>>> print(open('my_file-v4.txt').read())   # compact mmCIF, C-alpha atoms
# COMPACT_ATOMS: atom_id res chain seq x y z
CA MET A 1 28.47 -58.02 58.32
CA LYS A 2 24.87 -57.16 59.18
CA CYS A 3 24.51 -54.85 62.14
CA ILE A 4 21.89 -52.90 64.08
CA VAL A 5 22.07 -49.90 66.40
CA VAL A 6 20.14 -49.82 69.68
CA ASP A 7 20.28 -46.44 71.42
CA ASP A 8 17.60 -44.16 72.88
CA GLU A 9 19.47 -41.02 71.76
CA MET A 10 18.75 -40.02 68.17
CA SER A 11 22.03 -38.10 67.89
CA ALA A 12 23.96 -41.19 68.95
CA ARG A 13 22.15 -43.32 66.36
CA VAL A 14 22.95 -40.77 63.66
CA ILE A 15 26.64 -40.76 64.58
CA ILE A 16 26.93 -44.56 64.66
CA THR A 17 25.06 -44.78 61.36
CA LYS A 18 27.64 -42.46 59.76
CA LEU A 19 30.51 -44.41 61.33
CA CYS A 20 29.12 -47.68 60.00
CA GLY A 21 28.87 -46.10 56.55
CA SER A 22 32.63 -45.49 56.62
CA ILE A 23 33.33 -49.23 56.98
CA PRO A 24 32.70 -51.15 53.72
CA ASP A 25 32.21 -54.49 55.50
CA LEU A 26 29.40 -53.18 57.72
CA ASN A 27 25.80 -53.28 56.54
CA LEU A 28 23.51 -51.38 58.90
CA VAL A 29 20.08 -52.96 58.46
CA GLU A 30 18.04 -51.42 61.30
CA GLU A 31 18.18 -48.98 64.21
CA PHE A 32 16.08 -48.95 67.39
CA SER A 33 15.41 -46.39 70.10
CA ASN A 34 14.69 -49.02 72.77
CA GLY A 35 15.69 -52.52 73.72
CA ILE A 36 12.22 -54.06 73.53
CA ASP A 37 11.82 -53.37 69.81
CA ALA A 38 15.36 -54.64 69.21
CA ILE A 39 14.60 -57.91 71.00
CA LYS A 40 11.44 -58.41 68.93
CA TYR A 41 13.45 -57.86 65.76
CA LEU A 42 16.22 -60.24 66.81
CA THR A 43 13.77 -63.08 67.45
CA LYS A 44 13.05 -63.10 63.71
CA HIS A 45 16.24 -61.77 62.13
CA LYS A 46 19.89 -62.73 62.39
CA VAL A 47 22.60 -60.08 62.61
CA ASP A 48 26.36 -60.28 63.11
CA VAL A 49 26.84 -57.38 65.50
CA ILE A 50 24.82 -54.99 67.67
CA PHE A 51 25.96 -51.51 68.60
CA LEU A 52 24.20 -51.39 71.95
CA ASP A 53 23.73 -48.55 74.44
CA ILE A 54 23.73 -49.50 78.13
CA HIS A 55 21.52 -46.77 79.63
CA MET A 56 18.06 -46.89 78.08
CA PRO A 57 14.58 -46.47 79.61
CA ASN A 58 12.67 -49.58 80.76
CA ILE A 59 15.30 -52.07 79.65
CA THR A 60 19.09 -51.69 79.71
CA GLY A 61 21.65 -52.97 77.23
CA PHE A 62 22.60 -55.73 79.65
CA ASP A 63 18.93 -56.73 79.85
CA VAL A 64 18.87 -57.03 76.07
CA ILE A 65 21.89 -59.35 76.13
CA GLU A 66 20.37 -61.47 78.90
CA SER A 67 17.13 -61.87 76.95
CA LEU A 68 18.86 -63.34 73.87
CA GLU A 69 19.46 -67.08 73.87
CA HIS A 70 22.29 -66.82 71.34
CA PRO A 71 23.39 -63.18 71.24
CA PRO A 72 25.50 -62.02 68.29
CA LYS A 73 28.67 -60.03 68.79
CA ILE A 74 28.08 -56.88 70.84
CA ILE A 75 29.88 -53.54 70.81
CA LEU A 76 28.65 -51.46 73.73
CA THR A 77 28.22 -47.71 73.27
CA THR A 78 27.76 -45.58 76.38
CA SER A 79 28.55 -42.27 78.05
CA ASP A 80 29.49 -44.07 81.27
CA SER A 81 32.87 -45.82 81.58
CA ASN A 82 32.01 -47.35 84.96
CA PHE A 83 30.45 -50.49 83.46
CA ALA A 84 33.53 -51.73 81.60
CA LEU A 85 34.30 -54.53 84.07
CA ASP A 86 30.68 -55.72 84.09
CA ALA A 87 30.61 -55.64 80.29
CA PHE A 88 33.37 -58.16 79.74
CA LYS A 89 31.66 -60.81 81.84
CA TYR A 90 29.79 -61.56 78.61
CA ASP A 91 31.65 -63.57 75.97
CA CYS A 92 29.65 -61.91 73.20
CA ILE A 93 30.92 -58.40 74.00
CA ILE A 94 33.78 -57.40 71.72
CA ASP A 95 34.41 -53.81 72.79
CA TYR A 96 33.25 -50.95 74.97
CA LEU A 97 33.02 -47.55 73.26
CA VAL A 98 32.62 -44.41 75.36
CA LYS A 99 30.74 -41.54 73.77
CA PRO A 100 31.54 -39.34 71.95
CA ILE A 101 32.87 -42.00 69.60
CA GLU A 102 35.63 -40.98 67.22
CA LEU A 103 36.27 -42.62 63.87
CA ASP A 104 39.74 -43.98 64.72
CA ARG A 105 38.47 -45.59 67.92
CA PHE A 106 35.47 -46.98 66.04
CA ARG A 107 37.76 -48.56 63.45
CA LEU A 108 39.83 -50.21 66.18
CA SER A 109 36.65 -51.74 67.50
CA ILE A 110 35.75 -53.11 64.08
CA ASP A 111 39.28 -54.54 63.77
CA LYS A 112 38.69 -56.44 67.04
CA LEU A 113 35.38 -57.67 65.67
CA GLU A 114 36.93 -58.93 62.44
CA LYS A 115 39.80 -60.64 64.26
CA LYS A 116 37.31 -62.38 66.54
CA TYR A 117 35.31 -63.67 63.58
CA LYS A 118 38.48 -64.87 61.82
CA SER A 119 39.68 -66.64 64.95
CA GLU A 120 36.35 -68.41 65.42
CA HIS A 121 36.28 -69.36 61.74
CA LEU A 122 39.76 -70.92 61.99
CA LYS A 123 38.77 -72.85 65.12
CA SER A 124 35.59 -74.05 63.44
CA SER A 125 37.52 -75.12 60.33
CA ALA A 126 40.09 -76.96 62.45
CA ALA A 127 37.31 -78.74 64.32
CA ARG A 128 35.68 -79.81 61.04
CA ILE A 129 39.01 -81.13 59.74
CA GLU A 130 39.52 -83.08 62.97
CA ASP A 131 36.03 -84.56 62.69
CA ILE A 132 36.75 -85.65 59.12
CA GLU A 133 40.06 -87.20 60.18
CA ASN A 134 38.34 -89.05 63.03
CA GLU A 135 35.73 -90.37 60.59
CA ASN A 136 38.53 -91.75 58.41
CA ASN A 137 40.33 -93.53 61.23
CA LEU A 138 39.55 -96.24 63.72
CA PHE A 139 41.38 -96.62 67.03
CA VAL A 140 41.60 -100.17 68.37
CA ASN A 141 43.00 -101.69 71.54
CA VAL A 142 45.87 -104.02 70.74
CA GLY A 143 47.45 -105.35 73.91
CA ARG A 144 48.10 -102.23 75.95
CA ARG A 145 48.29 -99.92 72.95
CA LEU A 146 45.77 -97.84 71.08
CA VAL A 147 46.51 -98.30 67.40
CA LYS A 148 45.14 -96.01 64.71
CA ILE A 149 43.97 -97.75 61.55
CA ARG A 150 42.99 -95.92 58.38
CA ILE A 151 39.51 -97.20 57.62
CA ASN A 152 40.15 -97.27 53.87
CA ASP A 153 43.09 -99.62 54.49
CA ILE A 154 40.87 -102.30 56.01
CA ASP A 155 40.33 -105.26 53.66
CA LEU A 156 38.11 -107.43 55.81
CA ILE A 157 37.21 -108.27 59.41
CA LYS A 158 36.86 -111.84 60.60
CA SER A 159 35.23 -113.10 63.76
CA SER A 160 37.46 -115.33 65.88
CA GLY A 161 35.79 -116.42 69.12
CA ASP A 162 35.73 -113.45 71.52
CA TYR A 163 37.96 -111.49 69.14
CA VAL A 164 37.91 -110.09 65.64
CA ILE A 165 40.81 -110.04 63.20
CA ILE A 166 41.07 -106.77 61.28
CA SER A 167 43.00 -107.48 58.10
CA CYS A 168 44.76 -104.64 56.31
CA GLU A 169 47.15 -104.67 53.39
CA LYS A 170 50.30 -104.74 55.51
CA GLU A 171 49.19 -105.98 58.92
CA ASN A 172 46.49 -107.80 60.87
CA TYR A 173 45.12 -106.66 64.25
CA LYS A 174 43.50 -108.95 66.83
CA VAL A 175 40.98 -107.00 68.87
CA HIS A 176 38.68 -108.03 71.71
CA SER A 177 35.32 -107.09 70.17
CA THR A 178 32.41 -108.36 68.09
CA LEU A 179 31.56 -107.95 64.42
CA ASN A 180 28.40 -106.04 65.29
CA ASN A 181 30.32 -103.58 67.43
CA ILE A 182 32.89 -103.00 64.69
CA LEU A 183 30.26 -102.70 61.97
CA ASN A 184 28.46 -99.95 63.90
CA LYS A 185 31.64 -97.86 63.75
CA LEU A 186 32.22 -98.27 60.03
CA SER A 187 30.67 -96.57 57.02
CA SER A 188 27.72 -98.53 55.70
CA ASN A 189 28.62 -97.30 52.21
CA LEU A 190 32.02 -99.00 52.32
CA PHE A 191 31.60 -102.08 54.51
CA LEU A 192 29.17 -104.94 54.33
CA ARG A 193 28.61 -108.10 56.31
CA VAL A 194 28.64 -111.01 53.86
CA HIS A 195 28.76 -113.91 56.31
CA ARG A 196 28.11 -114.45 60.01
CA SER A 197 31.90 -114.41 60.46
CA TYR A 198 32.98 -111.77 57.92
CA ILE A 199 32.70 -108.08 57.18
CA ILE A 200 34.32 -106.89 53.97
CA ASN A 201 35.41 -103.65 52.36
CA VAL A 202 33.34 -103.71 49.17
CA ASN A 203 35.98 -101.75 47.28
CA LYS A 204 38.56 -104.47 47.93
CA ILE A 205 36.68 -107.29 46.17
CA ILE A 206 38.73 -108.80 43.33
CA ASP A 207 36.19 -111.31 42.05
CA ILE A 208 33.15 -113.33 43.04
CA GLU A 209 32.55 -116.95 42.19
CA ASP A 210 29.56 -118.98 43.32
CA ASN A 211 29.28 -118.51 47.09
CA SER A 212 32.65 -116.93 47.76
CA LEU A 213 34.61 -113.79 46.94
CA LEU A 214 38.29 -112.95 46.80
CA ILE A 215 40.00 -110.08 48.61
CA ARG A 216 43.74 -110.07 47.98
CA LYS A 217 44.62 -113.74 48.64
CA THR A 218 41.78 -114.43 51.06
CA VAL A 219 38.71 -116.38 49.99
CA VAL A 220 35.67 -115.16 51.91
CA PRO A 221 32.46 -117.20 52.03
CA ILE A 222 29.18 -115.48 51.17
CA GLY A 223 26.33 -116.38 53.45
CA ARG A 224 23.06 -117.29 51.80
CA THR A 225 21.16 -114.58 53.68
CA HIS A 226 23.72 -111.91 52.72
CA ARG A 227 24.14 -112.63 49.01
CA ASP A 228 21.21 -110.51 47.78
CA GLU A 229 22.42 -107.45 49.69
CA LEU A 230 25.92 -107.93 48.26
CA MET A 231 24.57 -108.09 44.73
CA LYS A 232 22.62 -104.86 45.27
CA ARG A 233 25.81 -103.10 46.32
CA LEU A 234 27.84 -104.13 43.28
CA ASN A 235 28.01 -102.02 40.15
CA LEU A 236 26.87 -104.77 37.79
CA LEU A 237 26.84 -104.54 33.99
>>> encode(input="my_file-v4.txt", output="structure tokens")
Amino acid sequence: MKCIVVDDEMSARVIITKLCGSIPDLNLVEEFSNGIDAIKYLTKHKVDVIFLDIHMPNITGFDVIESLEHPPKIILTTSDSNFALDAFKYDCIIDYLVKPIELDRFRLSIDKLEKKYKSEHLKSSAARIEDIENENNLFVNVGRRLVKIRINDIDLIKSSGDYVIISCEKENYKVHSTLNNILNKLSSNLFLRVHRSYIINVNKIIDIEDNSLLIRKTVVPIGRTHRDELMKRLNLL
């Protein structure tokens, strides 16, 4: 993890530099004696954590945090324990270290930091998995129920007045909607409109003859205006 130290006391910067050197996962890339220079650096460089003093001339540690649109993780370092409650109003603050900082206490702080990163990574991964699952499914209103349909299971969709019939391998679903509305929710790589009344799953085509195609036992007409696009989508020899 890339980190920087921001502290107006040289002795404090030296100590934190040594402490960082004892943690293999920490890579100290810069140190600053004031908050203004740190802010300038952070506008151009990304770091994972800042070891940040609270009491500094001209601009405090809290001022530094407030100036950053997306602050990284912060571990506060200070000689004053009276700001602990104020510190944890900020979501980015991981820990509050009171000087002089001992190695064991420093390591506990890094453990908190690593656990926070792992927790956020797991949440992010779970969110990505959920997004993928949502992309692979379609929820439709059937009567008073919301029914989940696996998109890959859809063979074809047929317009029927104010409704559409979604045909799958094992079941059909009658839904109050339009073909255009359904098509906007489906992958353009997988589904194609081949007629004013039909959308098909291209992967489910069995054969094509003249102006019609076969999906399972259903013969689907191919509209004259849609035929060229269908031919472009097929892997022809």
>>> residues_near_point(input="my_file-v4.txt", point="(32.0, -57.8, 59.3)", cutoff="12 Å", atoms="all atoms listed in the file", output="PyMOL selection string")
chain A and resi 1-3+20+23-28+47-50+72-73+107+109-118
>>> atom_distance(input="my_file-v4.txt", atom1="atom CA of A:Phe62", atom2="atom CA of A:Asp86")
9.2 Å
>>> residues_around(input="my_file-v4.txt", residues="stretch 186-197 of chain A", least_positions_apart="6", cutoff="10 Å", atoms="only C-alpha atoms", output="tab-separated table (two decimals) with C-alpha atoms, in the frame of the given file")
chain	number	residue	atom	x	y	z
A	135	GLU	CA	35.73	-90.37	60.59
A	136	ASN	CA	38.53	-91.75	58.41
A	137	ASN	CA	40.33	-93.53	61.23
A	138	LEU	CA	39.55	-96.24	63.72
A	151	ILE	CA	39.51	-97.20	57.62
A	152	ASN	CA	40.15	-97.27	53.87
A	154	ILE	CA	40.87	-102.30	56.01
A	155	ASP	CA	40.33	-105.26	53.66
A	156	LEU	CA	38.11	-107.43	55.81
A	157	ILE	CA	37.21	-108.27	59.41
A	158	LYS	CA	36.86	-111.84	60.60
A	159	SER	CA	35.23	-113.10	63.76
A	160	SER	CA	37.46	-115.33	65.88
A	161	GLY	CA	35.79	-116.42	69.12
A	164	VAL	CA	37.91	-110.09	65.64
A	178	THR	CA	32.41	-108.36	68.09
A	179	LEU	CA	31.56	-107.95	64.42
A	180	ASN	CA	28.40	-106.04	65.29
A	203	ASN	CA	35.98	-101.75	47.28
A	204	LYS	CA	38.56	-104.47	47.93
A	212	SER	CA	32.65	-116.93	47.76
A	213	LEU	CA	34.61	-113.79	46.94
A	220	VAL	CA	35.67	-115.16	51.91
A	221	PRO	CA	32.46	-117.20	52.03
A	222	ILE	CA	29.18	-115.48	51.17
A	223	GLY	CA	26.33	-116.38	53.45
A	224	ARG	CA	23.06	-117.29	51.80
A	225	THR	CA	21.16	-114.58	53.68
A	226	HIS	CA	23.72	-111.91	52.72
A	227	ARG	CA	24.14	-112.63	49.01
A	228	ASP	CA	21.21	-110.51	47.78
A	229	GLU	CA	22.42	-107.45	49.69
A	230	LEU	CA	25.92	-107.93	48.26
A	233	ARG	CA	25.81	-103.10	46.32
>>> atom_distance(input="my_file-v4.txt", atom1="atom CA of A:Glu69", atom2="atom CA of A:Leu97")
23.8 Å
>>> atom_distance(input="my_file-v4.txt", atom1="atom CA of A:His70", atom2="atom CA of A:His55")
21.7 Å
>>> residues_near_point(input="my_file-v4.txt", point="(23.4, -54.6, 78.7)", cutoff="9 Å", atoms="only C-alpha atoms", output="list in words")
Leu52, Asp53, Ile54, His55, Ile59, Thr60, Gly61, Phe62, Asp63, Val64, Ile65, Glu66, Leu76 and Ala87 of chain A
>>> residues_around(input="my_file-v4.txt", residues="A:Val6", least_positions_apart="3", cutoff="7 Å", atoms="all atoms listed in the file", output="JSON, numbers by chain")
{"A": [31, 32, 33, 34, 35, 38, 51, 52, 53]}
>>> closest_residue(input="my_file-v4.txt", among="A:Leu19, A:Asp210, A:Thr78, A:Pro71", to="A:Arg105", atoms="only C-alpha atoms")
A:Leu19
>>> closest_residue(input="my_file-v4.txt", among="A:Asn58, A:Ser79, A:Asn181, A:Asn172", to="A:Glu9", atoms="all atoms listed in the file")
A:Ser79
>>> residues_around(input="my_file-v4.txt", residues="A:Lys174", least_positions_apart="2", cutoff="7 Å", atoms="all atoms listed in the file", output="number ranges by chain")
A: 142, 163-166, 172, 176
>>> closest_residue(input="my_file-v4.txt", among="A:Ile101, A:Ile208, A:Leu108, A:Leu68", to="A:Ile16", atoms="all atoms listed in the file")
A:Ile101
>>> decode(input="my_file-v4.txt", residues="stretch 84-107 of chain A", atoms="N, CA and C atoms", output="PDB file, in the first residue's frame")
ATOM      1  N   ALA A  84     -10.272  12.806  19.479  1.00  0.00           N
ATOM      2  CA  ALA A  84     -10.661  11.461  19.036  1.00  0.00           C
ATOM      3  C   ALA A  84     -12.102  11.416  18.548  1.00  0.00           C
ATOM      4  N   LEU A  85     -13.021  12.030  19.294  1.00  0.00           N
ATOM      5  CA  LEU A  85     -14.432  12.005  18.896  1.00  0.00           C
ATOM      6  C   LEU A  85     -14.648  12.743  17.583  1.00  0.00           C
ATOM      7  N   ASP A  86     -13.986  13.888  17.419  1.00  0.00           N
ATOM      8  CA  ASP A  86     -14.104  14.636  16.158  1.00  0.00           C
ATOM      9  C   ASP A  86     -13.552  13.829  14.987  1.00  0.00           C
ATOM     10  N   ALA A  87     -12.486  13.072  15.263  1.00  0.00           N
ATOM     11  CA  ALA A  87     -11.810  12.341  14.193  1.00  0.00           C
ATOM     12  C   ALA A  87     -12.721  11.331  13.527  1.00  0.00           C
ATOM     13  N   PHE A  88     -13.493  10.617  14.314  1.00  0.00           N
ATOM     14  CA  PHE A  88     -14.268   9.519  13.740  1.00  0.00           C
ATOM     15  C   PHE A  88     -15.597   9.957  13.138  1.00  0.00           C
ATOM     16  N   LYS A  89     -15.758  11.265  12.959  1.00  0.00           N
ATOM     17  CA  LYS A  89     -16.879  11.763  12.163  1.00  0.00           C
ATOM     18  C   LYS A  89     -16.602  11.549  10.674  1.00  0.00           C
ATOM     19  N   TYR A  90     -15.332  11.295  10.364  1.00  0.00           N
ATOM     20  CA  TYR A  90     -14.918  11.095   8.966  1.00  0.00           C
ATOM     21  C   TYR A  90     -14.815   9.598   8.674  1.00  0.00           C
ATOM     22  N   ASP A  91     -15.501   9.160   7.637  1.00  0.00           N
ATOM     23  CA  ASP A  91     -15.481   7.734   7.276  1.00  0.00           C
ATOM     24  C   ASP A  91     -14.096   7.265   6.855  1.00  0.00           C
ATOM     25  N   CYS A  92     -13.283   8.179   6.356  1.00  0.00           N
ATOM     26  CA  CYS A  92     -11.973   7.789   5.839  1.00  0.00           C
ATOM     27  C   CYS A  92     -10.956   7.514   6.949  1.00  0.00           C
ATOM     28  N   ILE A  93     -11.238   7.964   8.169  1.00  0.00           N
ATOM     29  CA  ILE A  93     -10.276   7.802   9.259  1.00  0.00           C
ATOM     30  C   ILE A  93     -10.363   6.395   9.833  1.00  0.00           C
ATOM     31  N   ILE A  94      -9.241   5.712   9.815  1.00  0.00           N
ATOM     32  CA  ILE A  94      -9.157   4.327  10.275  1.00  0.00           C
ATOM     33  C   ILE A  94      -8.771   4.245  11.746  1.00  0.00           C
ATOM     34  N   ASP A  95      -7.828   5.108  12.164  1.00  0.00           N
ATOM     35  CA  ASP A  95      -7.347   5.014  13.541  1.00  0.00           C
ATOM     36  C   ASP A  95      -6.797   6.359  13.987  1.00  0.00           C
ATOM     37  N   TYR A  96      -6.554   6.431  15.285  1.00  0.00           N
ATOM     38  CA  TYR A  96      -6.116   7.668  15.933  1.00  0.00           C
ATOM     39  C   TYR A  96      -4.945   7.309  16.836  1.00  0.00           C
ATOM     40  N   LEU A  97      -3.727   7.630  16.416  1.00  0.00           N
ATOM     41  CA  LEU A  97      -2.528   7.264  17.159  1.00  0.00           C
ATOM     42  C   LEU A  97      -2.010   8.465  17.952  1.00  0.00           C
ATOM     43  N   VAL A  98      -1.817   8.257  19.256  1.00  0.00           N
ATOM     44  CA  VAL A  98      -1.304   9.320  20.114  1.00  0.00           C
ATOM     45  C   VAL A  98       0.198   9.142  20.288  1.00  0.00           C
ATOM     46  N   LYS A  99       0.933  10.204  20.019  1.00  0.00           N
ATOM     47  CA  LYS A  99       2.383  10.188  20.155  1.00  0.00           C
ATOM     48  C   LYS A  99       2.781  10.136  21.625  1.00  0.00           C
ATOM     49  N   PRO A 100       3.893   9.502  21.974  1.00  0.00           N
ATOM     50  CA  PRO A 100       4.800   8.753  21.082  1.00  0.00           C
ATOM     51  C   PRO A 100       4.187   7.422  20.652  1.00  0.00           C
ATOM     52  N   ILE A 101       4.382   7.089  19.399  1.00  0.00           N
ATOM     53  CA  ILE A 101       3.756   5.890  18.828  1.00  0.00           C
ATOM     54  C   ILE A 101       4.704   4.704  18.976  1.00  0.00           C
ATOM     55  N   GLU A 102       4.190   3.646  19.577  1.00  0.00           N
ATOM     56  CA  GLU A 102       4.983   2.425  19.759  1.00  0.00           C
ATOM     57  C   GLU A 102       4.684   1.438  18.643  1.00  0.00           C
ATOM     58  N   LEU A 103       5.625   0.548  18.395  1.00  0.00           N
ATOM     59  CA  LEU A 103       5.510  -0.380  17.271  1.00  0.00           C
ATOM     60  C   LEU A 103       4.273  -1.266  17.380  1.00  0.00           C
ATOM     61  N   ASP A 104       3.997  -1.825  18.549  1.00  0.00           N
ATOM     62  CA  ASP A 104       2.843  -2.718  18.702  1.00  0.00           C
ATOM     63  C   ASP A 104       1.542  -1.990  18.397  1.00  0.00           C
ATOM     64  N   ARG A 105       1.436  -0.757  18.889  1.00  0.00           N
ATOM     65  CA  ARG A 105       0.207   0.023  18.621  1.00  0.00           C
ATOM     66  C   ARG A 105       0.122   0.378  17.146  1.00  0.00           C
ATOM     67  N   PHE A 106       1.261   0.656  16.528  1.00  0.00           N
ATOM     68  CA  PHE A 106       1.293   0.966  15.100  1.00  0.00           C
ATOM     69  C   PHE A 106       0.817  -0.237  14.287  1.00  0.00           C
ATOM     70  N   ARG A 107       1.273  -1.424  14.661  1.00  0.00           N
ATOM     71  CA  ARG A 107       0.868  -2.633  13.941  1.00  0.00           C
ATOM     72  C   ARG A 107      -0.625  -2.899  14.073  1.00  0.00           C
TER      73      ARG A 107
END
